[in-house]
file data03.csv (CSV, C-alpha atoms and all ligand atoms)
chain,number,residue,atom,x,y,z
A,979,MET,CA,-9.1,25.3,-16.8
A,980,THR,CA,-10.3,25.3,-13.2
A,981,ALA,CA,-7.9,25.3,-10.2
A,982,ALA,CA,-9.0,21.8,-9.3
A,983,ALA,CA,-8.0,20.4,-12.7
A,984,ALA,CA,-4.5,21.9,-12.3
A,985,LEU,CA,-3.4,19.8,-9.4
A,986,PRO,CA,-1.8,16.4,-10.0
A,987,VAL,CA,-4.1,13.6,-9.1
A,988,ALA,CA,-3.0,10.8,-6.7
A,989,VAL,CA,-5.1,7.7,-6.4
A,990,VAL,CA,-4.6,5.8,-3.1
A,991,THR,CA,-6.1,2.3,-2.6
A,992,GLY,CA,-6.8,1.0,0.9
A,993,ALA,CA,-7.2,4.6,2.0
A,994,SER,CA,-9.7,3.9,4.7
A,995,SER,CA,-7.1,3.3,7.4
A,996,GLY,CA,-3.4,2.8,8.2
A,997,ILE,CA,-0.7,3.5,5.6
A,998,GLY,CA,-3.3,4.3,2.9
A,999,ALA,CA,-5.1,7.0,5.0
A,1000,ALA,CA,-1.8,8.5,6.1
A,1001,THR,CA,-0.5,8.5,2.5
A,1002,ALA,CA,-3.6,10.3,1.4
A,1003,ARG,CA,-3.0,13.0,4.1
A,1004,HIS,CA,0.7,13.4,3.1
A,1005,LEU,CA,0.0,13.6,-0.7
A,1006,ALA,CA,-2.9,16.1,-0.1
A,1007,ALA,CA,-0.6,18.2,1.9
A,1008,ALA,CA,2.1,18.0,-0.8
A,1009,GLY,CA,-0.4,19.5,-3.3
A,1010,HIS,CA,-2.1,16.6,-4.9
A,1011,ARG,CA,-5.8,16.1,-5.5
A,1012,VAL,CA,-6.2,12.8,-3.7
A,1013,VAL,CA,-8.7,10.2,-4.7
A,1014,LEU,CA,-9.3,7.9,-1.8
A,1015,THR,CA,-10.5,4.4,-2.6
A,1016,ALA,CA,-11.4,1.6,-0.4
A,1017,ARG,CA,-14.4,-0.8,0.2
A,1018,ARG,CA,-15.5,1.1,3.3
A,1019,GLU,CA,-17.1,4.2,1.9
A,1020,ASP,CA,-18.0,5.8,5.2
A,1021,ARG,CA,-14.4,5.9,6.2
A,1022,ILE,CA,-13.0,7.4,3.0
A,1023,ARG,CA,-15.9,9.9,2.9
A,1024,THR,CA,-15.0,11.1,6.4
A,1025,LEU,CA,-11.3,11.4,5.5
A,1026,ALA,CA,-12.1,13.2,2.3
A,1027,ALA,CA,-14.3,15.6,4.2
A,1028,GLU,CA,-11.5,16.2,6.7
A,1029,LEU,CA,-9.0,16.9,4.0
A,1030,THR,CA,-11.3,19.2,2.1
A,1031,GLY,CA,-12.1,21.0,5.3
A,1032,ALA,CA,-8.4,21.6,5.7
A,1033,GLY,CA,-8.2,23.3,2.4
A,1034,HIS,CA,-7.1,20.3,0.3
A,1035,GLN,CA,-8.7,18.6,-2.7
A,1036,ALA,CA,-9.9,15.2,-1.9
A,1037,GLU,CA,-12.7,12.9,-3.0
A,1038,ALA,CA,-13.8,9.4,-2.1
A,1039,TYR,CA,-14.7,6.5,-4.4
A,1040,ALA,CA,-15.8,3.2,-3.0
A,1041,LEU,CA,-13.9,0.5,-4.7
A,1042,ASP,CA,-12.9,-3.1,-4.3
A,1043,VAL,CA,-9.6,-3.6,-6.1
A,1044,THR,CA,-10.4,-7.2,-6.7
A,1045,ASP,CA,-13.4,-6.3,-8.8
A,1046,ARG,CA,-12.1,-5.7,-12.3
A,1047,PRO,CA,-15.2,-4.2,-13.9
A,1048,ALA,CA,-15.5,-1.8,-10.9
A,1049,VAL,CA,-11.8,-0.9,-11.3
A,1050,ASP,CA,-12.3,-0.2,-15.0
A,1051,ALA,CA,-15.4,1.9,-14.3
A,1052,PHE,CA,-13.4,3.9,-11.7
A,1053,ALA,CA,-10.5,4.4,-14.1
A,1054,ALA,CA,-13.0,5.7,-16.8
A,1055,SER,CA,-14.4,8.2,-14.3
A,1056,LEU,CA,-11.0,10.0,-13.8
A,1057,ASP,CA,-10.0,12.9,-15.9
A,1058,ARG,CA,-6.3,12.4,-15.1
A,1059,CYS,CA,-4.0,10.3,-12.9
A,1060,ASP,CA,-0.5,11.2,-12.0
A,1061,VAL,CA,0.2,9.0,-9.1
A,1062,LEU,CA,-1.2,5.6,-8.2
A,1063,VAL,CA,-0.4,4.2,-4.7
A,1064,ASN,CA,-1.2,0.5,-4.6
A,1065,ASN,CA,-1.6,0.1,-0.9
A,1066,ALA,CA,-4.6,-2.1,-0.5
A,1067,GLY,CA,-3.6,-5.5,0.9
A,1068,GLY,CA,-2.8,-7.3,4.1
A,1069,ALA,CA,-2.2,-10.6,5.8
A,1070,LEU,CA,-4.7,-13.3,6.8
A,1071,GLY,CA,-3.4,-15.9,9.2
A,1072,ALA,CA,0.1,-16.9,10.3
A,1073,ASP,CA,-0.2,-20.6,10.0
A,1074,PRO,CA,2.5,-23.0,9.0
A,1075,VAL,CA,2.5,-24.3,5.4
A,1076,ALA,CA,1.4,-27.7,6.7
A,1077,THR,CA,-1.9,-26.3,8.0
A,1078,GLY,CA,-2.5,-23.0,6.4
A,1079,ASP,CA,-6.0,-22.4,4.9
A,1080,PRO,CA,-5.8,-22.3,1.0
A,1081,GLU,CA,-8.7,-19.8,1.1
A,1082,ASP,CA,-6.5,-17.3,3.1
A,1083,TRP,CA,-3.8,-17.8,0.5
A,1084,ARG,CA,-6.2,-17.2,-2.3
A,1085,ARG,CA,-7.6,-14.1,-0.7
A,1086,MET,CA,-4.2,-12.6,0.0
A,1087,TYR,CA,-3.1,-13.2,-3.6
A,1088,ASP,CA,-6.3,-11.7,-4.8
A,1089,VAL,CA,-5.9,-8.4,-2.9
A,1090,ASN,CA,-2.2,-7.9,-2.7
A,1091,VAL,CA,-1.3,-9.1,-6.2
A,1092,LEU,CA,-4.3,-9.1,-8.5
A,1093,GLY,CA,-5.7,-5.9,-6.9
A,1094,THR,CA,-2.4,-4.2,-7.7
A,1095,LEU,CA,-2.5,-5.7,-11.2
A,1096,HIS,CA,-6.1,-4.5,-11.9
A,1097,MET,CA,-5.4,-1.0,-10.7
A,1098,THR,CA,-2.1,-0.7,-12.5
A,1099,GLN,CA,-3.5,-2.0,-15.8
A,1100,ALA,CA,-6.5,0.2,-15.6
A,1101,LEU,CA,-4.6,3.4,-14.8
A,1102,LEU,CA,-1.4,3.0,-16.8
A,1103,PRO,CA,-2.8,4.8,-19.9
A,1104,ALA,CA,-3.7,7.8,-17.8
A,1105,LEU,CA,-0.4,7.7,-15.9
A,1106,THR,CA,1.4,7.6,-19.2
A,1107,ALA,CA,-0.7,10.4,-20.6
A,1108,SER,CA,0.2,12.5,-17.6
A,1109,GLY,CA,3.8,12.8,-19.0
A,1110,ALA,CA,5.3,12.0,-15.5
A,1111,GLY,CA,3.4,9.2,-13.8
A,1112,THR,CA,4.3,7.3,-10.7
A,1113,VAL,CA,3.2,3.8,-9.7
A,1114,VAL,CA,3.9,3.0,-6.1
A,1115,VAL,CA,3.6,-0.6,-4.9
A,1116,VAL,CA,3.4,-0.8,-1.1
A,1117,SER,CA,4.9,-4.3,-0.6
A,1118,SER,CA,6.5,-5.4,2.6
A,1119,THR,CA,9.8,-6.7,4.0
A,1120,ALA,CA,7.8,-10.0,3.8
A,1121,GLY,CA,8.2,-9.7,0.0
A,1122,HIS,CA,12.0,-9.9,0.5
A,1123,ALA,CA,12.5,-12.6,3.1
A,1124,THR,CA,10.4,-15.3,4.6
A,1125,TYR,CA,9.6,-16.3,8.1
A,1126,GLU,CA,7.8,-19.2,9.8
A,1127,GLY,CA,4.1,-18.9,9.6
A,1128,GLY,CA,4.4,-16.2,6.9
A,1129,ALA,CA,4.3,-18.2,3.7
A,1130,GLY,CA,0.9,-17.2,2.4
A,1131,TYR,CA,1.5,-13.5,3.0
A,1132,VAL,CA,5.2,-13.7,2.0
A,1133,ALA,CA,4.2,-15.4,-1.3
A,1134,ALA,CA,1.6,-12.7,-2.0
A,1135,LYS,CA,4.0,-9.9,-1.2
A,1136,ASN,CA,6.7,-11.5,-3.4
A,1137,GLY,CA,4.0,-11.4,-6.1
A,1138,ALA,CA,3.5,-7.7,-5.6
A,1139,ARG,CA,7.3,-7.1,-5.6
A,1140,VAL,CA,7.8,-9.1,-8.8
A,1141,LEU,CA,4.9,-7.1,-10.4
A,1142,ALA,CA,6.7,-3.9,-9.6
A,1143,GLU,CA,10.1,-5.1,-10.7
A,1144,THR,CA,8.8,-6.5,-14.0
A,1145,LEU,CA,6.7,-3.5,-14.8
A,1146,ARG,CA,9.7,-1.3,-14.4
A,1147,LEU,CA,11.6,-3.3,-16.9
A,1148,GLU,CA,8.7,-3.4,-19.4
A,1149,ILE,CA,7.8,0.3,-19.4
A,1150,VAL,CA,11.3,1.8,-19.3
A,1151,GLY,CA,11.3,4.6,-21.9
A,1152,THR,CA,7.8,5.7,-21.0
A,1153,PRO,CA,7.2,8.6,-18.7
A,1154,VAL,CA,6.1,6.4,-15.8
A,1155,ARG,CA,8.3,5.3,-12.9
A,1156,VAL,CA,7.7,2.4,-10.6
A,1157,VAL,CA,8.5,2.7,-6.9
A,1158,GLU,CA,8.4,-0.2,-4.4
A,1159,VAL,CA,8.1,0.7,-0.7
A,1160,ALA,CA,8.7,-2.3,1.5
A,1161,PRO,CA,7.8,-1.5,5.2
A,1162,GLY,CA,8.8,-3.8,8.0
A,1163,MET,CA,7.1,-3.6,11.4
A,1164,VAL,CA,4.4,-1.0,11.3
A,1165,LYS,CA,1.9,-0.6,14.1
A,1166,THR,CA,-1.4,0.3,12.6
A,1167,GLU,CA,-4.8,-0.1,14.1
A,1168,GLU,CA,-5.8,-3.0,11.8
A,1169,PHE,CA,-2.9,-5.0,10.2
A,1170,ALA,CA,-2.2,-7.5,13.0
A,1171,THR,CA,-5.8,-7.6,14.2
A,1172,THR,CA,-7.0,-8.5,10.8
A,1173,ARG,CA,-4.3,-11.0,10.4
A,1174,PHE,CA,-5.4,-12.7,13.6
A,1175,ARG,CA,-9.1,-12.3,12.9
A,1176,GLY,CA,-9.9,-9.9,15.7
A,1177,ASP,CA,-7.7,-11.5,18.4
A,1178,THR,CA,-6.4,-8.3,19.8
A,1179,GLU,CA,-4.2,-10.1,22.4
A,1180,ARG,CA,-2.3,-12.0,19.8
A,1181,ALA,CA,-2.1,-8.9,17.6
A,1182,ALA,CA,-0.6,-6.9,20.5
A,1183,LYS,CA,2.1,-9.6,21.0
A,1184,VAL,CA,3.5,-8.7,17.5
A,1185,TYR,CA,4.6,-5.3,18.9
A,1186,GLU,CA,5.3,-6.4,22.5
A,1187,GLY,CA,8.3,-4.7,24.0
A,1188,VAL,CA,9.2,-2.9,20.8
A,1189,ALA,CA,9.9,0.7,21.9
A,1190,ASP,CA,9.0,2.4,18.6
A,1191,PRO,CA,7.5,0.3,15.8
A,1192,LEU,CA,6.9,2.4,12.7
A,1193,SER,CA,3.6,4.3,12.4
A,1194,ALA,CA,1.5,4.5,9.3
A,1195,ASP,CA,2.6,8.1,9.2
A,1196,ASP,CA,6.3,7.1,9.1
A,1197,VAL,CA,5.7,5.0,6.0
A,1198,ALA,CA,3.5,7.5,4.4
A,1199,ASP,CA,6.2,10.1,4.8
A,1200,THR,CA,8.6,7.9,2.8
A,1201,ILE,CA,6.0,7.3,0.1
A,1202,ALA,CA,5.4,11.0,-0.2
A,1203,TRP,CA,9.2,11.6,-0.3
A,1204,ALA,CA,9.6,9.1,-3.2
A,1205,VAL,CA,6.7,10.6,-5.1
A,1206,SER,CA,8.0,14.1,-4.7
A,1207,ARG,CA,11.4,13.4,-6.2
A,1208,PRO,CA,11.9,15.0,-9.7
A,1209,PRO,CA,10.2,12.7,-12.3
A,1210,HIS,CA,13.6,11.4,-13.7
A,1211,VAL,CA,14.5,10.1,-10.2
A,1212,ASN,CA,13.2,6.6,-9.6
A,1213,ILE,CA,13.4,5.2,-6.1
A,1214,ASP,CA,13.3,1.5,-7.2
A,1215,LEU,CA,13.0,0.1,-3.7
A,1216,LEU,CA,12.7,1.7,-0.3
A,1217,VAL,CA,13.0,-0.7,2.6
A,1218,VAL,CA,11.8,1.0,5.8
A,1219,ARG,CA,12.0,-0.6,9.3
A,1220,PRO,CA,11.9,0.6,12.8
A,1221,ARG,CA,15.4,1.0,14.4
A,1222,ALA,CA,14.5,-1.9,16.7
A,1223,GLN,CA,14.1,-4.3,13.8
A,1224,ALA,CA,17.3,-5.4,12.1
A,1225,SER,CA,15.6,-8.1,10.0
A,1226,ASN,CA,12.3,-9.9,9.9
A,1227,HIS,CA,13.6,-12.2,12.6
A,1228,LYS,CA,15.8,-9.9,14.6
A,1229,VAL,CA,13.6,-7.6,16.7
A,1230,HIS,CA,14.8,-5.9,19.9
A,1231,ARG,CA,12.2,-6.2,22.6
A,1232,GLU,CA,12.5,-4.6,26.0
A,1233,ILE,CA,10.6,-7.3,28.0
B,1301,LIG,C1,4.3,-6.6,7.5
B,1301,LIG,C2,5.6,-7.1,7.8
B,1301,LIG,O1,6.8,-8.8,9.2
B,1301,LIG,O2,4.5,-8.7,9.6
B,1301,LIG,O3,4.1,-6.4,6.1
B,1301,LIG,O4,5.3,-9.7,7.6
B,1301,LIG,S1,5.5,-8.6,8.6
call {"tool": "encode", "arguments": {"input": "data03.csv", "output": "structure tokens", "more": "lines below"}}
Ligand code: 8X3
result
Amino acid sequence: MTAAAALPVAVVTGASSGIGAATARHLAAAGHRVVLTARREDRIRTLAAELTGAGHQAEAYALDVTDRPAVDAFAASLDRCDVLVNNAGGALGADPVATGDPEDWRRMYDVNVLGTLHMTQALLPALTASGAGTVVVVSSTAGHATYEGGAGYVAAKNGARVLAETLRLEIVGTPVRVVEVAPGMVKTEEFATTRFRGDTERAAKVYEGVADPLSADDVADTIAWAVSRPPHVNIDLLVVRPRAQASNHKVHREI
């Protein structure tokens, strides 16, 4: 057996930026062979090269989690899988229910829920075969409480949360644990800008006056912590917010 084959394999979706990229860094540093997946191949190739250059084991695989045949082909290409971090997702729009675009809702459901479903279904056999598998679902505090303008995203993140909770019930007794990490306000380079379709001014308002929103690295640290617990320890749900955010609605802003 080669040294490469000896390391546990962690697959991270949405690894091209933000929480996904930071999680890949943390899991590589913690001794995983990381498989970075995302649609943007150039980004994950660059990150994989950076990690490999730092002495870690990392590879990139361009993948759209909403494309089931592609996900199945990806799963078939892996020789093992010990950890799956379902991170790919995001928000589109912040419109009221009365005027929200059904296409935004559909796309959010597709990526946040069905993407997680595709990856989890495809990799569950390998995770089980590992003897100590971990499925992480990166949901959101939006999956636990709603807010005005959030319905489409909140509905999708509720879907991801329910997938995690139900899967945990259904596979109890198998050697796979299911961890949900629900971040609150995280300032990443893309989340709010994508949500507001490139409107950087509006995106900046989300974090206005908040002294220390969470960083992608803060969240990745909690994911890596949950993954690194002994296999019999299941962190069912980890809600992580910045100190300045007491609830989705209650944010301390110094302005
Ligand atoms: C992001 C949290 O409050 O923008 O997942 O919905 S929020």
call {"tool": "residues_near_ligand", "arguments": {"input": "data03.csv", "ligand": "ligand LIG 1301 (chain B)", "cutoff": "8 Å", "atoms": "only C-alpha atoms and all ligand atoms", "output": "PyMOL selection string"}}
result
chain A and resi 1068-1069+1117-1120+1125+1128+1131-1132+1160-1164+1169-1170+1184+1226
call {"tool": "residues_around", "arguments": {"input": "data03.csv", "residues": "A:Val1116", "least_positions_apart": "4", "cutoff": "8 Å", "atoms": "all atoms listed in the file", "output": "MDAnalysis selection string"}}
result
chainID A and resid 1063:1065 1158:1161
call {"tool": "residues_around", "arguments": {"input": "data03.csv", "residues": "stretch 1015-1029 of chain A", "least_positions_apart": "4", "cutoff": "10 Å", "atoms": "only C-alpha atoms", "output": "number ranges by chain"}}
result
A: 989-995, 998-1000, 1002-1003, 1006-1007, 1033-1043, 1052, 1065-1066
call {"tool": "write_last_selection", "arguments": {"input": "data03.csv", "atoms": "C-alpha atoms", "output": "mmCIF file, in the frame of the given file"}}
result
data_model
loop_
_atom_site.group_PDB
_atom_site.id
_atom_site.type_symbol
_atom_site.label_atom_id
_atom_site.label_comp_id
_atom_site.auth_asym_id
_atom_site.auth_seq_id
_atom_site.Cartn_x
_atom_site.Cartn_y
_atom_site.Cartn_z
ATOM 1 C CA VAL A 989 -5.100 7.700 -6.400
ATOM 2 C CA VAL A 990 -4.600 5.800 -3.100
ATOM 3 C CA THR A 991 -6.100 2.300 -2.600
ATOM 4 C CA GLY A 992 -6.800 1.000 0.900
ATOM 5 C CA ALA A 993 -7.200 4.600 2.000
ATOM 6 C CA SER A 994 -9.700 3.900 4.700
ATOM 7 C CA SER A 995 -7.100 3.300 7.400
ATOM 8 C CA GLY A 998 -3.300 4.300 2.900
ATOM 9 C CA ALA A 999 -5.100 7.000 5.000
ATOM 10 C CA ALA A 1000 -1.800 8.500 6.100
ATOM 11 C CA ALA A 1002 -3.600 10.300 1.400
ATOM 12 C CA ARG A 1003 -3.000 13.000 4.100
ATOM 13 C CA ALA A 1006 -2.900 16.100 -0.100
ATOM 14 C CA ALA A 1007 -0.600 18.200 1.900
ATOM 15 C CA GLY A 1033 -8.200 23.300 2.400
ATOM 16 C CA HIS A 1034 -7.100 20.300 0.300
ATOM 17 C CA GLN A 1035 -8.700 18.600 -2.700
ATOM 18 C CA ALA A 1036 -9.900 15.200 -1.900
ATOM 19 C CA GLU A 1037 -12.700 12.900 -3.000
ATOM 20 C CA ALA A 1038 -13.800 9.400 -2.100
ATOM 21 C CA TYR A 1039 -14.700 6.500 -4.400
ATOM 22 C CA ALA A 1040 -15.800 3.200 -3.000
ATOM 23 C CA LEU A 1041 -13.900 0.500 -4.700
ATOM 24 C CA ASP A 1042 -12.900 -3.100 -4.300
ATOM 25 C CA VAL A 1043 -9.600 -3.600 -6.100
ATOM 26 C CA PHE A 1052 -13.400 3.900 -11.700
ATOM 27 C CA ASN A 1065 -1.600 0.100 -0.900
ATOM 28 C CA ALA A 1066 -4.600 -2.100 -0.500
#
call {"tool": "residues_around", "arguments": {"input": "data03.csv", "residues": "A:Ala1202", "least_positions_apart": "3", "cutoff": "9 Å", "atoms": "all atoms listed in the file", "output": "PyMOL selection string"}}
result
chain A and resi 1001+1004-1005+1008+1197-1199+1205-1207
call {"tool": "atom_distance", "arguments": {"input": "data03.csv", "atom1": "atom CA of A:Leu1192", "atom2": "atom CA of A:Pro1208"}}
result
26.2 Å
call {"tool": "closest_residue", "arguments": {"input": "data03.csv", "among": "A:Val1091, A:Ala1053, A:Val1075, A:Leu1102", "to": "A:Gly1121", "atoms": "only C-alpha atoms"}}
result
A:Val1091
call {"tool": "atom_distance", "arguments": {"input": "data03.csv", "atom1": "atom CA of A:Val1061", "atom2": "atom CA of A:Ala1133"}}
result
25.9 Å
call {"tool": "atom_distance", "arguments": {"input": "data03.csv", "atom1": "atom CA of A:His1122", "atom2": "atom CA of A:Lys1135"}}
result
8.2 Å
call {"tool": "closest_residue", "arguments": {"input": "data03.csv", "among": "A:Ile997, A:Leu1014, A:Ala1110, A:Ala1072", "to": "A:Arg1175", "atoms": "all atoms listed in the file"}}
result
A:Ala1072
call {"tool": "closest_residue", "arguments": {"input": "data03.csv", "among": "A:Gly1067, A:Pro1103, A:Gly1111, A:Pro1153", "to": "A:Val1089", "atoms": "all atoms listed in the file"}}
result
A:Gly1067
call {"tool": "residues_near_point", "arguments": {"input": "data03.csv", "point": "(-3.0, -14.8, 9.1)", "cutoff": "12 Å", "atoms": "all atoms listed in the file", "output": "JSON, numbers by chain"}}
result
{"A": [1068, 1069, 1070, 1071, 1072, 1073, 1074, 1075, 1077, 1078, 1079, 1080, 1081, 1082, 1083, 1085, 1086, 1126, 1127, 1128, 1129, 1130, 1131, 1132, 1169, 1170, 1171, 1172, 1173, 1174, 1175, 1176, 1177, 1180, 1181]}
call {"tool": "closest_residue", "arguments": {"input": "data03.csv", "among": "A:Leu1215, A:Ala1138, A:Leu1101, A:Val987", "to": "A:Arg1011", "atoms": "all atoms listed in the file"}}
result
A:Val987
call {"tool": "closest_residue", "arguments": {"input": "data03.csv", "among": "A:Ile1213, A:Val1218, A:Val1114, A:Ala1107", "to": "A:Ala1194", "atoms": "only C-alpha atoms"}}
result
A:Val1218
